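Next up, coords-v6.cif (mmCIF, C-alpha atoms):
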data_data
#
loop_
_atom_site.label_atom_id
_atom_site.label_comp_id
_atom_site.auth_asym_id
_atom_site.auth_seq_id
_atom_site.Cartn_x
_atom_site.Cartn_y
_atom_site.Cartn_z
CA GLY A 1437 -245.91 -149.06 69.48
CA GLY A 1438 -248.65 -146.44 69.64
CA GLU A 1439 -247.94 -142.74 70.06
CA CYS A 1440 -244.63 -143.32 71.84
CA GLY A 1441 -243.55 -145.50 68.90
CA VAL A 1442 -244.02 -142.58 66.49
CA LEU A 1443 -241.73 -140.41 68.61
CA THR A 1444 -239.16 -143.17 69.00
CA THR A 1445 -238.87 -144.06 65.32
CA THR A 1446 -238.72 -140.38 64.33
CA LEU A 1447 -236.12 -139.14 66.80
CA LEU A 1448 -234.24 -142.38 67.47
CA PRO A 1449 -234.03 -144.30 64.19
CA MET A 1450 -232.82 -147.89 64.43
CA PRO A 1451 -229.53 -148.98 62.85
CA ALA A 1452 -229.61 -150.21 59.24
CA PRO A 1453 -231.24 -152.15 57.74
CA ALA A 1454 -234.12 -151.56 60.15
CA THR A 1455 -237.27 -149.80 58.95
CA THR A 1456 -240.48 -148.90 60.77
CA ASN A 1457 -242.21 -152.12 59.76
CA LYS A 1458 -239.09 -154.31 59.69
CA PRO A 1459 -237.17 -153.15 62.74
CA TRP A 1460 -234.38 -155.72 62.82
CA TRP A 1461 -230.76 -154.74 62.42
CA SER A 1462 -227.10 -155.55 62.93
CA TYR A 1463 -223.83 -153.65 63.10
CA GLU A 1464 -220.28 -154.08 64.36
CA VAL A 1465 -218.27 -152.19 66.95
CA GLY A 1466 -214.70 -153.32 67.51
CA MET A 1467 -214.75 -157.03 68.33
CA PHE A 1468 -218.55 -157.08 68.78
CA HIS A 1469 -221.18 -158.08 66.23
CA PHE A 1470 -224.52 -156.77 67.52
CA VAL A 1471 -227.78 -158.11 66.12
CA GLY A 1472 -231.27 -157.05 67.15
CA MET A 1473 -234.62 -158.68 66.41
CA SER A 1474 -238.14 -157.41 66.86
CA THR A 1475 -240.10 -159.47 69.35
CA GLU A 1476 -243.21 -157.52 68.27
CA HIS A 1477 -243.14 -158.87 64.68
CA GLU A 1478 -243.43 -162.42 63.36
CA TYR A 1479 -240.29 -164.45 64.00
CA ALA A 1480 -241.47 -168.04 63.68
CA ILE A 1481 -239.30 -170.46 61.73
CA GLY A 1482 -239.47 -169.57 58.03
CA SER A 1483 -240.73 -166.01 58.56
CA GLU A 1484 -239.02 -163.07 56.87
CA GLN A 1485 -237.42 -161.96 60.12
CA TYR A 1486 -236.24 -165.48 60.92
CA ARG A 1487 -234.62 -165.83 57.50
CA TRP A 1488 -232.94 -162.45 57.86
CA LEU A 1489 -231.62 -163.33 61.31
CA GLU A 1490 -230.16 -166.66 60.21
CA ASN A 1491 -228.54 -165.07 57.17
CA ASP A 1492 -226.99 -162.38 59.37
CA LEU A 1493 -225.65 -164.82 61.95
CA LYS A 1494 -224.20 -167.30 59.47
CA ASN A 1495 -222.27 -164.53 57.72
CA VAL A 1496 -220.49 -163.20 60.81
CA ASP A 1497 -216.72 -163.48 60.44
CA ARG A 1498 -215.67 -164.60 63.91
CA THR A 1499 -212.02 -163.90 63.11
CA VAL A 1500 -212.98 -160.21 62.85
CA THR A 1501 -215.80 -159.97 65.41
CA PRO A 1502 -215.33 -162.94 67.78
CA TRP A 1503 -218.14 -161.83 70.11
CA VAL A 1504 -221.79 -161.97 68.99
CA ILE A 1505 -224.35 -160.09 71.09
CA PHE A 1506 -228.07 -160.64 70.45
CA GLY A 1507 -230.93 -158.44 71.62
CA GLY A 1508 -234.70 -158.12 71.62
CA HIS A 1509 -237.28 -156.16 73.57
CA ARG A 1510 -239.00 -159.11 75.24
CA ALA A 1511 -236.88 -161.75 76.92
CA MET A 1512 -236.07 -165.24 75.71
CA TYR A 1513 -235.39 -166.09 79.37
CA ILE A 1514 -237.23 -164.28 82.14
CA ASN A 1515 -237.97 -165.15 85.74
CA SER A 1516 -241.62 -164.08 85.86
CA ASP A 1517 -244.95 -165.33 87.14
CA TYR A 1518 -246.86 -163.74 84.23
CA GLY A 1519 -248.26 -166.40 81.90
CA GLY A 1520 -251.42 -167.52 80.19
CA THR A 1521 -252.00 -164.88 77.52
CA GLU A 1522 -250.44 -164.68 74.06
CA THR A 1523 -248.30 -161.68 75.01
CA SER A 1524 -247.40 -162.83 78.53
CA ASP A 1525 -243.78 -163.20 79.62
CA ILE A 1526 -243.89 -167.00 79.80
CA THR A 1527 -245.73 -167.47 76.47
CA VAL A 1528 -243.29 -165.18 74.65
CA MET A 1529 -240.34 -166.87 76.33
CA ASP A 1530 -241.51 -170.30 75.19
CA LYS A 1531 -242.10 -169.08 71.63
CA MET A 1532 -238.65 -167.54 71.41
CA ILE A 1533 -237.00 -170.65 72.80
CA LEU A 1534 -238.84 -172.77 70.23
CA ASN A 1535 -238.13 -170.60 67.20
CA ILE A 1536 -235.06 -168.45 67.83
CA GLU A 1537 -232.91 -170.22 70.41
CA PRO A 1538 -231.74 -172.92 67.95
CA LEU A 1539 -230.18 -170.15 65.84
CA LEU A 1540 -228.36 -168.72 68.84
CA TYR A 1541 -226.93 -172.13 69.60
CA LYS A 1542 -226.04 -173.01 66.01
CA TYR A 1543 -224.16 -169.76 65.48
CA ARG A 1544 -222.59 -169.51 68.95
CA VAL A 1545 -224.22 -166.29 70.12
CA ASN A 1546 -222.36 -165.42 73.30
CA LEU A 1547 -224.81 -163.15 75.08
CA GLY A 1548 -228.51 -162.25 74.86
CA PHE A 1549 -229.80 -158.89 76.14
CA TYR A 1550 -233.45 -157.98 76.73
CA GLY A 1551 -235.66 -155.36 78.37
CA HIS A 1552 -239.48 -155.07 78.68
CA ASN A 1553 -239.57 -156.22 82.32
CA HIS A 1554 -238.30 -153.48 84.62
CA VAL A 1555 -235.83 -155.68 86.46
CA VAL A 1556 -232.21 -156.79 86.27
CA GLN A 1557 -231.71 -160.52 85.77
CA ARG A 1558 -228.59 -162.54 84.99
CA HIS A 1559 -228.99 -166.11 83.84
CA SER A 1560 -226.76 -169.12 83.33
CA ALA A 1561 -225.55 -170.39 79.98
CA VAL A 1562 -228.77 -172.19 79.11
CA LEU A 1563 -230.37 -174.21 76.31
CA ARG A 1564 -234.00 -175.37 76.20
CA LYS A 1565 -234.37 -174.27 79.85
CA GLU A 1566 -231.57 -176.58 80.94
CA VAL A 1567 -228.48 -175.15 82.55
CA ILE A 1568 -225.44 -175.91 80.40
CA GLN A 1569 -223.05 -174.00 82.62
CA ALA A 1570 -223.73 -172.04 85.78
CA SER A 1571 -221.28 -169.29 86.58
CA LYS A 1572 -218.71 -169.78 89.31
CA GLU A 1573 -217.90 -167.09 91.83
CA VAL A 1574 -214.27 -166.00 91.80
CA VAL A 1575 -212.56 -163.08 93.49
CA ASP A 1576 -210.52 -160.76 91.28
CA ALA A 1577 -207.31 -158.91 92.17
CA ASN A 1578 -209.33 -156.02 93.60
CA GLY A 1579 -211.38 -158.22 95.89
CA ASN A 1580 -214.54 -158.08 93.75
CA ILE A 1581 -216.78 -161.10 93.28
CA VAL A 1582 -216.96 -162.02 89.59
CA HIS A 1583 -219.38 -164.59 88.13
CA TRP A 1584 -217.19 -166.59 85.76
CA HIS A 1585 -218.17 -168.61 82.67
CA GLU A 1586 -215.33 -170.72 81.30
CA ASP A 1587 -215.98 -171.32 77.59
CA PRO A 1588 -219.73 -171.96 78.04
CA GLN A 1589 -221.33 -174.09 75.35
CA ALA A 1590 -224.56 -172.10 75.19
CA THR A 1591 -225.77 -168.49 75.30
CA VAL A 1592 -225.72 -166.51 78.54
CA HIS A 1593 -228.83 -164.32 78.94
CA MET A 1594 -229.47 -160.98 80.65
CA VAL A 1595 -232.47 -158.75 81.32
CA VAL A 1596 -231.53 -155.10 81.83
CA GLY A 1597 -234.81 -153.21 82.03
CA THR A 1598 -234.29 -150.69 84.83
CA GLY A 1599 -233.59 -147.47 82.99
CA GLY A 1600 -236.12 -145.50 85.01
CA ALA A 1601 -239.69 -146.87 84.86
CA THR A 1602 -241.46 -148.46 87.83
CA PHE A 1603 -240.09 -151.91 88.68
CA THR A 1604 -241.85 -155.07 87.47
CA LYS A 1605 -241.85 -157.06 90.70
CA ASN A 1606 -243.14 -160.42 89.52
CA ALA A 1607 -240.10 -162.69 89.82
CA LEU A 1608 -240.69 -166.20 91.10
CA GLU A 1609 -239.18 -167.29 94.40
CA PRO A 1610 -237.49 -169.70 94.42
CA PRO A 1611 -236.31 -168.70 90.95
CA PRO A 1612 -235.93 -171.08 87.98
CA VAL A 1613 -232.65 -173.02 88.11
CA TRP A 1614 -231.21 -170.95 85.26
CA ASN A 1615 -231.88 -167.57 86.93
CA GLU A 1616 -228.74 -166.79 88.92
CA MET A 1617 -229.59 -163.25 90.05
CA TYR A 1618 -232.34 -160.67 89.97
CA MET A 1619 -232.54 -157.24 91.55
CA TYR A 1620 -234.60 -154.08 91.44
CA GLU A 1621 -232.16 -151.20 91.05
CA TYR A 1622 -231.90 -148.44 88.45
CA GLY A 1623 -228.87 -148.69 86.20
CA TYR A 1624 -227.30 -149.99 83.01
CA ALA A 1625 -225.00 -152.69 81.70
CA ARG A 1626 -221.46 -152.18 80.44
CA MET A 1627 -219.52 -154.67 78.31
CA THR A 1628 -215.83 -154.80 77.43
CA ALA A 1629 -214.26 -157.19 74.92
CA VAL A 1630 -210.77 -157.40 76.39
CA ASN A 1631 -209.69 -159.67 73.55
CA ALA A 1632 -211.11 -162.48 71.39
CA SER A 1633 -211.15 -164.82 74.38
CA TYR A 1634 -212.29 -162.64 77.28
CA LEU A 1635 -215.47 -160.56 77.73
CA GLU A 1636 -216.41 -158.58 80.84
CA TRP A 1637 -219.95 -157.56 81.82
CA GLU A 1638 -220.78 -155.10 84.59
CA TRP A 1639 -224.04 -153.73 85.92
CA VAL A 1640 -223.71 -150.10 87.05
CA GLU A 1641 -226.05 -148.22 89.39
CA ASN A 1642 -227.28 -144.93 87.93
CA ALA A 1643 -227.17 -142.81 91.07
CA THR A 1644 -223.71 -143.71 92.32
CA GLY A 1645 -221.83 -145.30 89.43
CA ASP A 1646 -221.12 -148.30 91.65
CA VAL A 1647 -220.80 -151.71 90.01
CA HIS A 1648 -223.27 -154.10 91.65
CA ASP A 1649 -222.67 -157.20 89.52
CA ARG A 1650 -219.78 -158.54 87.49
CA MET A 1651 -219.63 -161.40 85.01
CA VAL A 1652 -216.98 -162.81 82.65
CA ILE A 1653 -217.34 -165.05 79.61
CA THR A 1654 -214.29 -166.72 78.08
CA GLN A 1655 -214.09 -168.65 74.81
CA THR A 1656 -211.36 -170.67 73.16
CA ASP A 1657 -212.27 -170.80 69.46
CA PRO A 1658 -215.44 -169.01 68.29
CA THR A 1659 -215.21 -170.64 64.86
CA GLN A 1660 -215.87 -174.12 66.25
CA PRO A 1661 -219.40 -175.45 66.94
CA TRP A 1662 -220.68 -175.77 70.47
CA ASP A 1663 -221.23 -179.13 72.14
CA ALA A 1664 -223.79 -178.50 74.85
CA VAL A 1665 -224.25 -181.05 77.60
CA PRO A 1666 -226.66 -180.19 80.41
CA ALA A 1667 -224.87 -179.52 83.68
CA SER A 1668 -226.94 -182.26 85.33
CA GLN A 1669 -225.34 -184.82 82.98
CA GLN A 1670 -221.76 -183.60 83.26
CA GLN A 1671 -219.25 -185.62 85.24
#
Would it be possible to restate this file's structure as structure tokens?
Amino acid sequence: GGECGVLTTTLLPMPAPATTNKPWWSYEVGMFHFVGMSTEHEYAIGSEQYRWLENDLKNVDRTVTPWVIFGGHRAMYINSDYGGTETSDITVMDKMILNIEPLLYKYRVNLGFYGHNHVVQRHSAVLRKEVIQASKEVVDANGNIVHWHEDPQATVHMVVGTGGATFTKNALEPPPVWNEMYMYEYGYARMTAVNASYLEWEWVENATGDVHDRMVITQTDPTQPWDAVPASQQQ
């Protein structure tokens, strides 16, 4: 928004069908279907943006793009102590969980990406603030620790907001049960869809190119509905 928003929308136009006042969009790259919402515009159930988002998600052909990646500026899940006001992290998180999270679950959105907070956070597969599946640490053939999700029945969430601005150091300690990792380092995320069943995520440090965090999501059949059971109730 503001003056920086004028520059952004002029020099860096959003993908179709986004417009200045309706900046939501989707497109496909290889096996990925990417869809982005605007957390700065109305998205409550029944709103124009909500209807657009549901129509987009329900029309994804998972035999063509088996991986669905969702994004928004503000985070649906964020480890933060900032609450109380209408635009605070916790208030926005709760509103997104109430209105948008049911769509992510219904249409099996694999991964949610967010920014806004200048921090890196990786969360569990989570639904309504309950952990559905926490990742398990495994060691790959190169000796790297990988955080592994085996066919999780809910969306895994990430915050990758450390492109260069001053860090937002307001994470709670101890963290919420669904927040598996947070760190304050400058860098970016990299995803690879190896095939329809295997997705890799890496967080890369800007200065060195070193990978500081690795995560894998597997899935068996993306055309079948999820059946989420909270981890606390699993045998």
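You will find CA of Ala1561 in chain A at 28.2 Å from CA of Thr1602 in chain A.
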Exercise. Any idea what's packed within 7 Å of Val1595 in chain A, counting only C-alpha atoms, ignoring anything in its chain fewer than 4 positions away? Could you give it as a ChimeraX atom specification?
Worked result: /A:1511,1549-1551,1555-1558
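Excluding range 1516-1525 of chain A itself and any same-chain residue fewer than 5 positions from it, the protein and nucleic acid residues within 9 Å of it, counting all atoms listed in the file, are Arg1510, Ala1511, Asp1530, Asn1553, Lys1605, Asn1606, Ala1607, Leu1608 and Pro1611 of chain A.
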Problem set entry | Pick from A:Asn1491, A:Asn1546, A:Asn1580, A:Ser1668 nearest to Gln1655 in chain A, counting only C-alpha atoms |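 Looking only at the distances to Gln1655 in chain A, the closest residue turns out to be A:Asn1546.
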For this session: Translate the PyMOL selection byres ((chain A and resi 1548) around 7), as applied to the file shown, into an explicit residue set as a ChimeraX atom specification.
Result: /A:1505-1507,1547,1549-1550,1591-1594
Exercise. Applied to the shown file, which residues does the PyMOL selection byres ((chain A and resi 1613) around 12) return, written as a PyMOL selection string?
Worked result: chain A and resi 1513-1515+1558-1562+1565-1570+1608-1612+1614-1617+1667-1668
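Residues matched by the PyMOL selection byres ((chain A and resi 1660-1665) around 9) in this structure: A:Tyr1541, A:Lys1542, A:Tyr1543, A:Arg1544, A:Leu1563, A:Val1567, A:Ile1568, A:Gln1569, A:Pro1588, A:Gln1589, A:Ala1590, A:Thr1656, A:Asp1657, A:Pro1658, A:Thr1659, A:Pro1666, A:Ala1667, A:Ser1668, A:Gln1669, A:Gln1670.
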For this session: Place a sphere of radius 12 Å on (-238.4, -168.3, 63.5) in the file coordinates and name every protein, DNA or RNA residue with an atom inside or on its surface, counting all atoms listed in the file; give the answer as a list in words.
Result: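 Counting all atoms listed in the file, I find these residues within 12 Å of (-238.4, -168.3, 63.5): Met1473, Ser1474, Thr1475, His1477, Glu1478, Tyr1479, Ala1480, Ile1481, Gly1482, Ser1483, Glu1484, Gln1485, Tyr1486, Arg1487, Trp1488, Leu1489, Glu1490, Lys1531, Met1532, Ile1533, Leu1534, Asn1535, Ile1536, Glu1537, Pro1538, Leu1539 and Leu1540 of chain A.
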Problem set entry | Distance criterion (all atoms listed in the file): nearest to Thr1628 in chain A out of A:Gly1597, A:Asp1492, A:Gly1472, A:Met1467 |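 Of the candidates, the smallest distance to Thr1628 in chain A is held by A:Met1467.
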Kindly output range 1453-1479 of chain A as an mmCIF file, in the frame of the given file, after building N, CA, C and O atoms.
data_model
loop_
_atom_site.group_PDB
_atom_site.id
_atom_site.type_symbol
_atom_site.label_atom_id
_atom_site.label_comp_id
_atom_site.auth_asym_id
_atom_site.auth_seq_id
_atom_site.Cartn_x
_atom_site.Cartn_y
_atom_site.Cartn_z
ATOM 1 N N PRO A 1453 -230.271 -152.535 58.767
ATOM 2 C CA PRO A 1453 -231.240 -152.150 57.740
ATOM 3 C C PRO A 1453 -232.655 -151.954 58.271
ATOM 4 O O PRO A 1453 -233.616 -152.101 57.525
ATOM 5 N N ALA A 1454 -232.798 -151.659 59.535
ATOM 6 C CA ALA A 1454 -234.120 -151.560 60.150
ATOM 7 C C ALA A 1454 -234.972 -150.477 59.495
ATOM 8 O O ALA A 1454 -234.488 -149.405 59.136
ATOM 9 N N THR A 1455 -236.273 -150.780 59.361
ATOM 10 C CA THR A 1455 -237.270 -149.800 58.950
ATOM 11 C C THR A 1455 -238.411 -149.863 59.945
ATOM 12 O O THR A 1455 -238.442 -150.723 60.833
ATOM 13 N N THR A 1456 -239.378 -148.962 59.815
ATOM 14 C CA THR A 1456 -240.480 -148.900 60.770
ATOM 15 C C THR A 1456 -241.201 -150.234 60.882
ATOM 16 O O THR A 1456 -241.523 -150.694 61.981
ATOM 17 N N ASN A 1457 -241.448 -150.877 59.757
ATOM 18 C CA ASN A 1457 -242.210 -152.120 59.760
ATOM 19 C C ASN A 1457 -241.345 -153.371 59.732
ATOM 20 O O ASN A 1457 -241.867 -154.487 59.800
ATOM 21 N N LYS A 1458 -240.035 -153.189 59.626
ATOM 22 C CA LYS A 1458 -239.090 -154.310 59.690
ATOM 23 C C LYS A 1458 -237.912 -153.896 60.574
ATOM 24 O O LYS A 1458 -236.790 -153.731 60.110
ATOM 25 N N PRO A 1459 -238.176 -153.748 61.863
ATOM 26 C CA PRO A 1459 -237.170 -153.150 62.740
ATOM 27 C C PRO A 1459 -236.146 -154.145 63.293
ATOM 28 O O PRO A 1459 -235.957 -154.277 64.503
ATOM 29 N N TRP A 1460 -235.494 -154.865 62.408
ATOM 30 C CA TRP A 1460 -234.380 -155.720 62.820
ATOM 31 C C TRP A 1460 -233.106 -155.218 62.165
ATOM 32 O O TRP A 1460 -233.134 -154.650 61.082
ATOM 33 N N TRP A 1461 -231.964 -155.438 62.818
ATOM 34 C CA TRP A 1461 -230.760 -154.740 62.420
ATOM 35 C C TRP A 1461 -229.519 -155.475 62.923
ATOM 36 O O TRP A 1461 -229.595 -156.344 63.789
ATOM 37 N N SER A 1462 -228.366 -155.091 62.386
ATOM 38 C CA SER A 1462 -227.100 -155.550 62.930
ATOM 39 C C SER A 1462 -226.010 -154.548 62.571
ATOM 40 O O SER A 1462 -226.110 -153.833 61.568
ATOM 41 N N TYR A 1463 -224.998 -154.484 63.386
ATOM 42 C CA TYR A 1463 -223.830 -153.650 63.100
ATOM 43 C C TYR A 1463 -222.667 -154.140 63.958
ATOM 44 O O TYR A 1463 -222.852 -154.972 64.863
ATOM 45 N N GLU A 1464 -221.483 -153.627 63.673
ATOM 46 C CA GLU A 1464 -220.280 -154.080 64.360
ATOM 47 C C GLU A 1464 -219.569 -152.902 65.014
ATOM 48 O O GLU A 1464 -219.493 -151.810 64.449
ATOM 49 N N VAL A 1465 -219.071 -153.159 66.214
ATOM 50 C CA VAL A 1465 -218.270 -152.190 66.950
ATOM 51 C C VAL A 1465 -217.064 -152.938 67.513
ATOM 52 O O VAL A 1465 -217.229 -153.819 68.372
ATOM 53 N N GLY A 1466 -215.885 -152.622 67.025
ATOM 54 C CA GLY A 1466 -214.700 -153.320 67.510
ATOM 55 C C GLY A 1466 -214.819 -154.818 67.313
ATOM 56 O O GLY A 1466 -215.071 -155.296 66.201
ATOM 57 N N MET A 1467 -214.672 -155.577 68.395
ATOM 58 C CA MET A 1467 -214.750 -157.030 68.330
ATOM 59 C C MET A 1467 -216.162 -157.570 68.527
ATOM 60 O O MET A 1467 -216.372 -158.786 68.604
ATOM 61 N N PHE A 1468 -217.159 -156.674 68.589
ATOM 62 C CA PHE A 1468 -218.550 -157.080 68.780
ATOM 63 C C PHE A 1468 -219.327 -157.063 67.467
ATOM 64 O O PHE A 1468 -219.236 -156.099 66.696
ATOM 65 N N HIS A 1469 -220.117 -158.112 67.233
ATOM 66 C CA HIS A 1469 -221.180 -158.080 66.230
ATOM 67 C C HIS A 1469 -222.493 -158.042 66.989
ATOM 68 O O HIS A 1469 -222.836 -158.981 67.717
ATOM 69 N N PHE A 1470 -223.222 -156.929 66.867
ATOM 70 C CA PHE A 1470 -224.520 -156.770 67.520
ATOM 71 C C PHE A 1470 -225.629 -157.065 66.520
ATOM 72 O O PHE A 1470 -225.580 -156.609 65.369
ATOM 73 N N VAL A 1471 -226.629 -157.821 66.964
ATOM 74 C CA VAL A 1471 -227.780 -158.110 66.120
ATOM 75 C C VAL A 1471 -229.042 -157.992 66.956
ATOM 76 O O VAL A 1471 -229.105 -158.496 68.081
ATOM 77 N N GLY A 1472 -230.030 -157.265 66.416
ATOM 78 C CA GLY A 1472 -231.270 -157.050 67.150
ATOM 79 C C GLY A 1472 -232.478 -157.521 66.365
ATOM 80 O O GLY A 1472 -232.598 -157.247 65.173
ATOM 81 N N MET A 1473 -233.374 -158.235 67.033
ATOM 82 C CA MET A 1473 -234.620 -158.680 66.410
ATOM 83 C C MET A 1473 -235.780 -157.889 66.988
ATOM 84 O O MET A 1473 -235.650 -157.219 68.019
ATOM 85 N N SER A 1474 -236.916 -157.974 66.331
ATOM 86 C CA SER A 1474 -238.140 -157.410 66.860
ATOM 87 C C SER A 1474 -239.001 -158.524 67.433
ATOM 88 O O SER A 1474 -239.470 -159.397 66.691
ATOM 89 N N THR A 1475 -239.216 -158.483 68.733
ATOM 90 C CA THR A 1475 -240.100 -159.470 69.350
ATOM 91 C C THR A 1475 -241.561 -159.124 69.158
ATOM 92 O O THR A 1475 -242.444 -159.880 69.564
ATOM 93 N N GLU A 1476 -241.838 -157.975 68.518
ATOM 94 C CA GLU A 1476 -243.210 -157.520 68.270
ATOM 95 C C GLU A 1476 -243.675 -157.854 66.856
ATOM 96 O O GLU A 1476 -244.800 -157.520 66.482
ATOM 97 N N HIS A 1477 -242.804 -158.456 66.038
ATOM 98 C CA HIS A 1477 -243.140 -158.870 64.680
ATOM 99 C C HIS A 1477 -242.943 -160.384 64.568
ATOM 100 O O HIS A 1477 -242.299 -161.007 65.412
ATOM 101 N N GLU A 1478 -243.496 -160.966 63.527
ATOM 102 C CA GLU A 1478 -243.430 -162.420 63.360
ATOM 103 C C GLU A 1478 -241.979 -162.882 63.259
ATOM 104 O O GLU A 1478 -241.185 -162.329 62.507
ATOM 105 N N TYR A 1479 -241.653 -163.902 64.041
ATOM 106 C CA TYR A 1479 -240.290 -164.450 64.000
ATOM 107 C C TYR A 1479 -240.266 -165.978 64.004
ATOM 108 O O TYR A 1479 -239.221 -166.595 64.240
#
